[in-house]
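Trainee: input-v9.tsv (TSV, C-alpha atoms and all ligand atoms) pasted underneath:
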```tsv
chain	number	residue	atom	x	y	z
S	455	MET	CA	300.12	-51.72	75.30
S	456	GLN	CA	300.27	-54.50	72.79
S	457	SER	CA	299.04	-57.89	73.96
S	458	ARG	CA	300.83	-61.15	73.58
S	459	THR	CA	300.54	-62.92	70.25
S	460	VAL	CA	298.32	-65.97	69.83
S	461	SER	CA	298.39	-68.36	66.88
S	462	ALA	CA	295.08	-68.99	65.17
S	463	PHE	CA	293.49	-70.23	61.98
S	464	TYR	CA	291.48	-67.77	59.95
S	465	PHE	CA	288.49	-68.80	57.83
S	466	ASP	CA	286.82	-66.34	55.49
S	467	GLY	CA	283.38	-67.85	56.22
S	468	LYS	CA	282.80	-68.64	52.54
S	469	THR	CA	285.36	-71.32	51.71
S	470	SER	CA	286.82	-74.07	53.84
S	471	ARG	CA	290.35	-72.82	53.29
S	472	ARG	CA	292.21	-72.00	56.47
S	473	TYR	CA	294.90	-69.43	56.87
S	474	ALA	CA	297.57	-69.47	59.58
S	475	VAL	CA	297.55	-66.12	61.35
S	476	GLU	CA	298.83	-64.43	64.47
S	477	LEU	CA	296.43	-62.45	66.61
S	478	THR	CA	297.42	-59.49	68.72
S	479	VAL	CA	295.36	-56.79	70.35
S	480	ASP	CA	296.51	-53.21	70.74
S	481	ALA	CA	294.49	-50.33	72.12
S	482	GLY	CA	291.20	-52.07	71.53
S	483	ILE	CA	292.02	-53.14	67.96
S	484	ALA	CA	292.58	-56.77	67.00
S	485	TYR	CA	295.27	-57.30	64.38
S	486	LEU	CA	295.79	-60.37	62.24
S	487	SER	CA	299.10	-60.98	60.58
S	488	GLY	CA	300.51	-63.90	58.60
S	489	GLU	CA	298.61	-65.36	55.66
S	490	VAL	CA	295.86	-62.80	56.15
S	491	GLN	CA	296.18	-59.16	57.18
S	492	ARG	CA	293.13	-57.78	58.84
S	493	GLN	CA	292.11	-55.57	61.73
S	494	ALA	CA	288.90	-54.82	63.60
S	495	PRO	CA	287.86	-53.13	66.82
S	496	ILE	CA	287.44	-55.84	69.44
S	497	THR	CA	283.98	-54.52	70.27
S	498	GLU	CA	282.87	-55.75	66.82
S	499	LEU	CA	284.08	-59.30	67.43
S	500	ARG	CA	282.04	-62.07	68.94
S	501	VAL	CA	283.94	-64.45	71.17
S	502	SER	CA	282.50	-67.94	71.63
S	503	GLU	CA	281.76	-69.19	75.09
S	504	ARG	CA	284.42	-71.14	76.84
S	505	VAL	CA	283.41	-74.79	76.80
S	506	SER	CA	286.05	-76.73	78.73
S	507	ARG	CA	288.96	-77.42	76.33
S	508	ALA	CA	287.18	-76.84	73.03
S	509	ALA	CA	288.82	-74.45	70.56
S	510	ARG	CA	287.42	-70.96	70.82
S	511	LYS	CA	285.99	-69.04	67.98
S	512	VAL	CA	286.20	-65.33	67.29
S	513	THR	CA	283.76	-64.12	64.68
S	514	PHE	CA	284.00	-60.97	62.57
S	515	PRO	CA	280.89	-59.03	61.58
S	516	ASP	CA	281.13	-60.32	57.98
S	517	GLY	CA	281.10	-63.97	59.06
S	518	ALA	CA	284.84	-64.61	58.85
S	519	TYR	CA	286.19	-66.22	61.96
S	520	LEU	CA	289.23	-67.39	63.85
S	521	GLU	CA	289.70	-70.75	65.47
S	522	ILE	CA	292.04	-70.68	68.40
S	523	ALA	CA	293.29	-74.00	69.71
S	524	ASP	CA	295.54	-72.59	72.40
S	525	VAL	CA	292.72	-71.70	74.76
S	526	ASP	CA	294.99	-70.83	77.67
S	527	ALA	CA	297.03	-68.34	75.66
S	528	PHE	CA	293.83	-66.86	74.31
S	529	ALA	CA	292.36	-66.60	77.82
S	530	GLU	CA	295.48	-64.69	78.88
S	531	LEU	CA	295.16	-62.42	75.87
S	532	LEU	CA	291.51	-61.73	76.73
S	533	ALA	CA	292.38	-61.06	80.35
S	534	SER	CA	295.13	-58.60	79.35
S	535	THR	CA	292.65	-56.68	77.19
S	536	GLY	CA	290.19	-56.41	80.05
S	537	TYR	CA	287.72	-58.75	78.36
S	538	GLN	CA	285.59	-60.71	80.75
S	539	ASP	CA	283.53	-63.74	80.01
S	540	SER	CA	279.92	-62.83	80.27
S	541	LEU	CA	278.15	-63.69	83.47
S	542	VAL	CA	276.35	-66.55	81.75
S	543	VAL	CA	279.61	-68.17	80.70
S	544	ARG	CA	281.13	-67.87	84.10
S	545	MET	CA	278.02	-69.27	85.70
S	546	GLN	CA	277.97	-72.21	83.32
S	547	GLN	CA	281.44	-73.09	84.41
S	548	SER	CA	280.34	-73.66	87.93
S	549	TRP	CA	278.53	-76.96	88.40
S	550	ARG	CA	276.95	-75.65	91.50
S	551	THR	CA	275.34	-72.76	89.70
S	552	THR	CA	274.33	-75.23	87.00
S	553	LEU	CA	272.41	-77.28	89.55
S	554	GLN	CA	270.72	-74.18	90.83
S	555	ALA	CA	269.84	-73.15	87.30
S	556	THR	CA	268.37	-76.60	86.66
S	557	ALA	CA	266.28	-76.36	89.79
S	558	ALA	CA	265.11	-72.90	88.74
S	559	LEU	CA	264.20	-74.24	85.30
S	560	ILE	CA	262.14	-77.03	86.84
S	561	VAL	CA	260.32	-74.51	88.99
S	562	ILE	CA	259.61	-72.39	85.92
S	563	LEU	CA	258.31	-75.42	84.01
S	564	VAL	CA	256.06	-76.47	86.86
S	565	LEU	CA	254.74	-72.94	87.28
S	566	GLY	CA	254.20	-72.79	83.54
S	567	TYR	CA	252.29	-76.05	83.61
S	568	VAL	CA	250.16	-75.06	86.55
S	569	TYR	CA	249.48	-71.43	85.65
S	570	LEU	CA	250.39	-70.74	82.08
S	571	LEU	CA	248.95	-73.82	80.44
S	572	PRO	CA	245.40	-73.33	81.74
S	573	ALA	CA	245.54	-69.73	80.56
S	574	ALA	CA	247.01	-70.70	77.22
S	575	SER	CA	244.51	-73.51	76.79
S	576	GLY	CA	241.69	-70.97	76.85
S	577	VAL	CA	243.37	-69.00	74.09
S	578	ILE	CA	244.03	-72.16	72.06
S	579	ALA	CA	240.47	-73.40	72.59
S	580	ASN	CA	239.15	-70.13	71.22
S	581	ALA	CA	241.53	-70.25	68.27
S	582	LEU	CA	240.70	-73.81	67.20
S	583	PRO	CA	238.51	-73.94	64.13
S	584	GLU	CA	234.94	-75.09	64.68
S	585	SER	CA	235.49	-78.06	62.41
S	586	VAL	CA	238.02	-79.44	64.89
S	587	GLU	CA	235.56	-79.19	67.74
S	588	ARG	CA	232.84	-80.81	65.68
S	589	ARG	CA	235.08	-83.71	64.81
S	590	ILE	CA	236.28	-84.16	68.36
S	591	GLY	CA	232.67	-84.23	69.50
S	592	ALA	CA	231.58	-86.67	66.82
S	593	ASP	CA	234.52	-89.01	67.41
S	594	THR	CA	234.02	-88.96	71.16
S	595	LEU	CA	230.33	-89.74	70.87
S	596	GLU	CA	231.05	-92.59	68.49
S	597	PHE	CA	233.68	-93.93	70.87
S	598	LEU	CA	231.23	-93.82	73.79
S	599	ASP	CA	228.39	-95.25	71.72
S	600	GLN	CA	230.51	-98.26	70.89
S	601	ARG	CA	231.43	-98.91	74.49
S	602	MET	CA	228.97	-97.67	77.05
S	603	LEU	CA	226.01	-95.92	75.51
S	604	SER	CA	223.07	-97.23	73.54
S	605	ALA	CA	219.87	-95.81	72.12
S	606	SER	CA	217.65	-94.13	74.68
S	607	THR	CA	214.55	-95.93	75.85
S	608	LEU	CA	212.87	-92.73	77.00
S	609	PRO	CA	209.68	-92.03	75.08
S	610	LYS	CA	210.20	-89.46	72.35
S	611	SER	CA	207.55	-87.25	73.91
S	612	GLU	CA	209.45	-87.18	77.22
S	613	GLN	CA	212.70	-86.31	75.44
S	614	ASP	CA	211.00	-83.52	73.52
S	615	ALA	CA	209.41	-82.14	76.65
S	616	ILE	CA	212.79	-81.91	78.39
S	617	ILE	CA	214.38	-80.29	75.35
S	618	SER	CA	211.68	-77.69	74.87
S	619	ARG	CA	211.59	-76.91	78.58
S	620	PHE	CA	215.32	-76.18	78.57
S	621	ARG	CA	215.14	-74.30	75.26
S	622	ALA	CA	212.60	-71.97	76.81
S	623	LEU	CA	215.15	-70.87	79.41
S	624	ARG	CA	217.30	-67.87	78.71
S	625	PRO	CA	221.06	-68.45	79.01
S	626	PRO	CA	222.57	-66.10	81.60
S	627	ALA	CA	225.26	-64.73	79.29
S	628	GLN	CA	225.53	-63.44	75.73
S	629	ASP	CA	226.64	-65.62	72.86
S	630	ALA	CA	225.56	-68.93	74.29
S	631	PRO	CA	226.81	-71.69	72.01
S	632	ASP	CA	224.52	-73.75	69.82
S	633	TYR	CA	223.71	-76.93	71.63
S	634	GLN	CA	221.75	-80.06	71.10
S	635	ILE	CA	220.41	-82.23	73.87
S	636	ILE	CA	220.62	-85.93	73.10
S	637	PHE	CA	219.59	-88.94	75.17
S	638	ARG	CA	221.31	-92.28	75.63
S	639	LYS	CA	220.79	-95.35	77.73
S	640	SER	CA	224.02	-96.01	79.55
S	641	LYS	CA	225.94	-98.79	81.20
S	642	ILE	CA	227.37	-96.24	83.56
S	643	GLY	CA	224.33	-94.95	85.35
S	644	PRO	CA	223.20	-91.36	85.80
S	645	ASN	CA	225.42	-89.11	83.76
S	646	ALA	CA	225.46	-85.95	81.74
S	647	PHE	CA	228.26	-84.32	79.82
S	648	ALA	CA	228.76	-81.75	77.12
S	649	LEU	CA	230.85	-82.44	74.02
S	650	PRO	CA	232.79	-79.66	72.28
S	651	SER	CA	230.56	-80.08	69.23
S	652	GLY	CA	227.65	-78.76	71.30
S	653	GLU	CA	225.94	-82.03	72.17
S	654	ILE	CA	224.80	-82.29	75.75
S	655	VAL	CA	224.44	-86.00	76.39
S	656	VAL	CA	221.96	-87.00	79.09
S	657	THR	CA	221.50	-90.61	80.15
S	658	ASP	CA	218.10	-92.19	80.71
S	659	GLU	CA	219.30	-93.13	84.18
S	660	LEU	CA	219.89	-89.48	85.06
S	661	VAL	CA	216.43	-88.48	83.86
S	662	ARG	CA	214.86	-91.24	85.98
S	663	ARG	CA	216.88	-90.40	89.06
S	664	LEU	CA	216.08	-86.71	88.85
S	665	ASP	CA	212.35	-87.22	88.88
S	666	ASP	CA	211.97	-83.48	88.90
S	667	ASP	CA	211.99	-81.38	85.76
S	668	ASP	CA	213.61	-78.33	87.36
S	669	ALA	CA	216.36	-80.43	88.88
S	670	LEU	CA	217.08	-81.82	85.45
S	671	MET	CA	217.23	-78.25	84.15
S	672	GLY	CA	219.94	-77.70	86.77
S	673	VAL	CA	222.11	-80.42	85.27
S	674	LEU	CA	221.54	-79.07	81.78
S	675	ALA	CA	222.34	-75.52	82.86
S	676	HIS	CA	225.54	-76.75	84.51
S	677	GLU	CA	226.50	-78.58	81.31
S	678	LEU	CA	225.67	-75.54	79.17
S	679	GLY	CA	228.03	-73.64	81.46
S	680	HIS	CA	230.82	-76.11	80.69
S	681	LEU	CA	230.05	-75.74	77.01
S	682	HIS	CA	229.81	-71.98	77.04
S	683	ARG	CA	233.12	-71.65	78.86
S	684	ARG	CA	234.70	-74.29	76.64
S	685	HIS	CA	235.78	-76.27	79.68
S	686	LEU	CA	236.10	-79.61	77.93
S	687	MET	CA	238.23	-78.21	75.13
S	688	ARG	CA	240.43	-76.39	77.59
S	689	ARG	CA	240.80	-79.49	79.73
S	690	LEU	CA	241.57	-81.64	76.70
S	691	ILE	CA	244.14	-79.17	75.48
S	692	GLN	CA	245.84	-79.24	78.86
S	693	ALA	CA	245.74	-83.01	78.95
S	694	SER	CA	247.27	-83.26	75.49
S	695	ALA	CA	249.32	-80.09	75.46
S	696	VAL	CA	252.12	-81.39	73.29
S	697	GLY	CA	249.87	-82.86	70.64
S	698	THR	CA	247.84	-79.70	70.63
S	699	ALA	CA	250.86	-77.50	70.15
S	700	ALA	CA	251.81	-79.64	67.18
S	701	ALA	CA	248.28	-79.51	65.81
S	702	VAL	CA	248.13	-75.76	66.09
S	703	LEU	CA	251.63	-75.26	64.68
S	704	PHE	CA	251.39	-77.70	61.82
S	705	GLY	CA	247.70	-77.42	61.17
S	706	ASP	CA	247.26	-81.17	61.45
S	707	ALA	CA	244.60	-81.92	63.98
S	708	SER	CA	244.21	-85.61	63.18
S	709	THR	CA	246.88	-86.83	65.58
S	710	LEU	CA	245.38	-84.76	68.34
S	711	ILE	CA	241.84	-85.87	67.65
S	712	ALA	CA	242.74	-89.56	67.73
S	713	THR	CA	243.96	-89.29	71.31
S	714	ILE	CA	240.90	-87.54	72.63
S	715	PRO	CA	237.99	-89.99	72.99
S	716	PRO	CA	239.80	-92.21	75.52
S	717	LEU	CA	240.88	-89.08	77.38
S	718	VAL	CA	237.32	-87.93	77.82
S	719	LEU	CA	236.46	-91.06	79.79
S	720	ASP	CA	239.18	-90.30	82.24
S	721	LEU	CA	238.58	-86.65	82.56
S	722	LYS	CA	238.13	-84.81	85.79
S	723	TYR	CA	237.48	-81.14	86.08
S	724	SER	CA	239.12	-79.09	88.76
S	725	ARG	CA	237.06	-77.80	91.64
S	726	ASP	CA	237.25	-74.26	90.22
S	727	ILE	CA	235.91	-75.37	86.87
S	728	GLU	CA	233.00	-77.19	88.55
S	729	LEU	CA	232.17	-74.14	90.61
S	730	GLU	CA	232.29	-71.99	87.48
S	731	ALA	CA	229.72	-74.26	85.84
S	732	ASP	CA	227.66	-74.18	89.06
S	733	ASP	CA	227.74	-70.38	88.98
S	734	TYR	CA	226.52	-70.48	85.42
S	735	ALA	CA	223.62	-72.69	86.46
S	736	ILE	CA	222.87	-70.40	89.40
S	737	ALA	CA	222.83	-67.37	87.10
S	738	MET	CA	220.63	-69.20	84.61
S	739	PHE	CA	218.12	-70.20	87.29
S	740	LYS	CA	218.02	-66.65	88.61
S	741	ALA	CA	217.64	-65.17	85.12
S	742	ASN	CA	214.59	-67.38	84.60
S	743	GLY	CA	213.06	-67.02	88.02
S	744	ILE	CA	213.50	-70.65	89.07
S	745	SER	CA	214.15	-71.29	92.75
S	746	LEU	CA	217.73	-72.21	93.51
S	747	LYS	CA	216.38	-74.75	95.98
S	748	LYS	CA	215.65	-76.82	92.91
S	749	LEU	CA	219.28	-76.59	91.89
S	750	ALA	CA	220.41	-77.59	95.36
S	751	TYR	CA	218.00	-80.51	95.14
S	752	THR	CA	219.75	-81.56	91.91
S	753	PHE	CA	222.99	-82.13	93.73
S	754	GLU	CA	221.44	-83.58	96.85
S	755	LYS	CA	219.66	-86.10	94.72
S	756	LEU	CA	222.80	-87.04	92.81
S	757	ASP	CA	224.76	-87.14	96.02
S	758	SER	CA	222.52	-89.89	97.31
S	759	GLU	CA	223.52	-92.10	94.40
S	760	PRO	CA	224.83	-95.33	95.87
S	761	THR	CA	228.55	-95.61	95.45
S	762	GLY	CA	229.81	-97.59	92.54
S	763	PHE	CA	230.88	-96.75	89.08
S	764	SER	CA	229.19	-93.46	88.49
S	765	PRO	CA	231.04	-91.07	86.22
S	766	TYR	CA	228.62	-88.26	86.89
S	767	LEU	CA	229.77	-88.38	90.47
S	768	SER	CA	233.42	-88.79	89.65
S	769	THR	CA	233.49	-85.95	87.15
S	770	HIS	CA	231.00	-83.82	89.05
S	771	PRO	CA	231.61	-84.41	92.72
S	772	PRO	CA	228.51	-83.03	94.38
S	773	SER	CA	229.40	-81.80	97.77
S	774	LYS	CA	228.03	-79.94	100.68
S	775	GLU	CA	230.15	-77.01	99.57
S	776	ARG	CA	228.38	-76.79	96.23
S	777	ILE	CA	224.93	-77.03	97.77
S	778	ASP	CA	225.80	-74.43	100.37
S	779	ARG	CA	226.98	-72.06	97.65
S	780	ILE	CA	223.74	-72.48	95.75
S	781	LEU	CA	221.64	-71.83	98.84
S	782	LYS	CA	223.76	-68.80	99.70
S	783	ALA	CA	223.20	-67.41	96.19
S	784	GLN	CA	219.48	-67.96	96.75
S	785	ALA	CA	219.62	-65.79	99.85
S	786	GLU	CA	221.37	-62.97	98.03
M	1	ZN	ZN	230.53	-80.20	85.74
```
Please express the file's structure as structure tokens.

Mentor:
Amino acid sequence: MQSRTVSAFYFDGKTSRRYAVELTVDAGIAYLSGEVQRQAPITELRVSERVSRAARKVTFPDGAYLEIADVDAFAELLASTGYQDSLVVRMQQSWRTTLQATAALIVILVLGYVYLLPAASGVIANALPESVERRIGADTLEFLDQRMLSASTLPKSEQDAIISRFRALRPPAQDAPDYQIIFRKSKIGPNAFALPSGEIVVTDELVRRLDDDDALMGVLAHELGHLHRRHLMRRLIQASAVGTAAAVLFGDASTLIATIPPLVLDLKYSRDIELEADDYAIAMFKANGISLKKLAYTFEKLDSEPTGFSPYLSTHPPSKERIDRILKAQAE
């Protein structure tokens, strides 16, 4: 049965000239008559989505297309040929479904942020060139040196003793990163942190508070764990996801790097990340035959730090849970 006839304009897809045509459909074939004669099976045609009153577009495989202003007549023609708007189109026409779709999208974004981004950040961290990490580390140290760190007052011999003591310990896992232990006097009390460039910064105040060499090894082992697992890079990438995506896509890391030093100051690791670094320290102590009681002592000692501005405590919340885990590992 032949369908009704609908007026349309035909464009060849190459020039802007428009041709007045009539469209009919018969037995699954679309026929154009008028200024252009053409026919094509309707299965080869692409029909644009229905967007309120906008003219609809029917595209031929070669790029030629029809513009149909009489959307109601065209809708009738489609209906008579058994054509149905795709599910997506019909759903878009219902505001209620649109709201539901928006809610679903938000859920997907949140899930992506919570679950996908941490996973992706590990991949990105591993893909970043070493030069980027070195620069981030150098810039961050410079930033901190200008604001809250100054040259260490620990005797060189004491610094060297700490360094060689830690160097003598075997890391618990293969491919431990290159690291460098450096000392600083700080305005912010006992602190230790690892920069992506491999520097483990230890403050004089931390060394004095942990008046026990093994306990200090515990802090260093924990920091080496952060370094080995690239925790800081992963955290930074999460915290600056958009900038990072741009840096990775466009190969320009400078915008990303500029935002990082202030971020580091504000950084908190998740509980899981802290426990992962603790586990690394536990494994390192075990691998070197040092009692885990010493490691527990590390956190007890830092826990007794009087409250106040103490970034080590804010970024590394020592807790009964962590000490209990260490002592449990000792018993195993
Ligand atoms: Zn930590």

Trainee: Near region 667-671 of chain S, within 8 Å and counting all atoms listed in the file, which residues show up once chain neighbours fewer than 2 positions away are dropped, as a list in words?

Mentor: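 Returned residues: Ile616, Phe620, Val661, Leu664, Asp665, Val673, Leu674, Ala675, Ile744, Lys748, Leu749, Tyr751 and Thr752 of chain S.
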
Trainee: Taking all atoms listed in the file into account, list the residues no farther than 8 Å from ligand ZN 1 (chain M), as a VMD selection string.

Mentor: chain S and resid 647 676 to 677 680 723 727 to 729 731 to 732 769 to 770

Trainee: Take CA of Asp526 (chain S) and CA of Glu498 (chain S) and report the distance between them in Å, one decimal.

Mentor: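 Atom-to-atom, CA of Asp526 (chain S) and CA of Glu498 (chain S) are spaced 22.2 Å apart.
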
Trainee: Which residues are near Glu786 (chain S)? Cut-off 12 Å, only C-alpha atoms, ignore same chain within fewer than 6 positions. Put them as a list of chain:residue names.

Mentor: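 Contacts, in chain order: S:Ile736, S:Ala737, S:Lys740, S:Leu746, S:Arg779, S:Ile780.
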
Trainee: With C-alpha atoms retained, write the just-selected residues as a PDB file, keeping the file's coordinate frame.

Mentor:
```pdb
ATOM      1  CA  ILE S 736     222.870 -70.400  89.400  1.00  0.00           C
ATOM      2  CA  ALA S 737     222.830 -67.370  87.100  1.00  0.00           C
ATOM      3  CA  LYS S 740     218.020 -66.650  88.610  1.00  0.00           C
ATOM      4  CA  LEU S 746     217.730 -72.210  93.510  1.00  0.00           C
ATOM      5  CA  ARG S 779     226.980 -72.060  97.650  1.00  0.00           C
ATOM      6  CA  ILE S 780     223.740 -72.480  95.750  1.00  0.00           C
TER       7      ILE S 780
END
```

Trainee: Give me, please, the distance in Å between CA of Ala741 (chain S) and CA of Arg624 (chain S), quoted to one decimal.

Mentor: 7.0 Å

Trainee: To one decimal place in Å, what is the distance between CA of Ser640 (chain S) and CA of Asp666 (chain S)?

Mentor: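 Those two atoms sit 19.7 Å apart.
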
Trainee: Smallest atom-to-atom distance to Leu582 (chain S): which of S:Arg688, S:Gly643, S:Val479, S:Tyr464, using all atoms listed in the file?

Mentor: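 For Leu582 (chain S), the nearest of the candidates is S:Arg688.
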
Trainee: Measuring atom to atom with only C-alpha atoms, identify which of S:Pro626, S:Gly517, S:Gly576, S:Pro495 is nearest to Leu686 (chain S).

Mentor: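 Among the listed residues, the smallest separation from Leu686 (chain S) belongs to S:Gly576.
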
Trainee: Using all atoms listed in the file, can you tell me which of S:Asp629, S:Lys610, S:Asp726, S:Val656 comes closest to Arg776 (chain S)?

Mentor: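 Among S:Asp629, S:Lys610, S:Asp726, S:Val656, it is S:Asp726 that comes nearest to Arg776 (chain S).
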
Trainee: May I have the protein, DNA and RNA residues with an atom at most 9 Å from (296.2, -68.9, 58.6), counting all atoms listed in the file in the file's coordinates, returned as a list in words?

Mentor: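 Those residues lying close to the given coordinates are Ser461, Ala462, Phe463, Tyr464, Phe465, Arg471, Arg472, Tyr473, Ala474, Val475, Glu476, Ser487, Gly488, Glu489, Val490 and Leu520 of chain S.
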
Trainee: Since we have the selection now, will you write its residues out, keeping C-alpha atoms, as a PDB file, in the frame of the given file?

Mentor:
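Saved as out21.pdb:
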```
ATOM      1  CA  SER S 461     298.390 -68.360  66.880  1.00  0.00           C
ATOM      2  CA  ALA S 462     295.080 -68.990  65.170  1.00  0.00           C
ATOM      3  CA  PHE S 463     293.490 -70.230  61.980  1.00  0.00           C
ATOM      4  CA  TYR S 464     291.480 -67.770  59.950  1.00  0.00           C
ATOM      5  CA  PHE S 465     288.490 -68.800  57.830  1.00  0.00           C
ATOM      6  CA  ARG S 471     290.350 -72.820  53.290  1.00  0.00           C
ATOM      7  CA  ARG S 472     292.210 -72.000  56.470  1.00  0.00           C
ATOM      8  CA  TYR S 473     294.900 -69.430  56.870  1.00  0.00           C
ATOM      9  CA  ALA S 474     297.570 -69.470  59.580  1.00  0.00           C
ATOM     10  CA  VAL S 475     297.550 -66.120  61.350  1.00  0.00           C
ATOM     11  CA  GLU S 476     298.830 -64.430  64.470  1.00  0.00           C
ATOM     12  CA  SER S 487     299.100 -60.980  60.580  1.00  0.00           C
ATOM     13  CA  GLY S 488     300.510 -63.900  58.600  1.00  0.00           C
ATOM     14  CA  GLU S 489     298.610 -65.360  55.660  1.00  0.00           C
ATOM     15  CA  VAL S 490     295.860 -62.800  56.150  1.00  0.00           C
ATOM     16  CA  LEU S 520     289.230 -67.390  63.850  1.00  0.00           C
TER      17      LEU S 520
END
```

Trainee: Pick out the residues sitting within 10 Å of Ile483 (chain S), and hand them over as a ChimeraX atom specification; count only C-alpha atoms, and ignore anything fewer than 5 positions along from it in its own chain.

Mentor: /S:456,478,493-498,535

Trainee: What's the 10 Å shell around Ala579 (chain S), counting all atoms listed in the file, without same-chain residues fewer than 5 positions away, as a count of residues only?

Mentor: 14
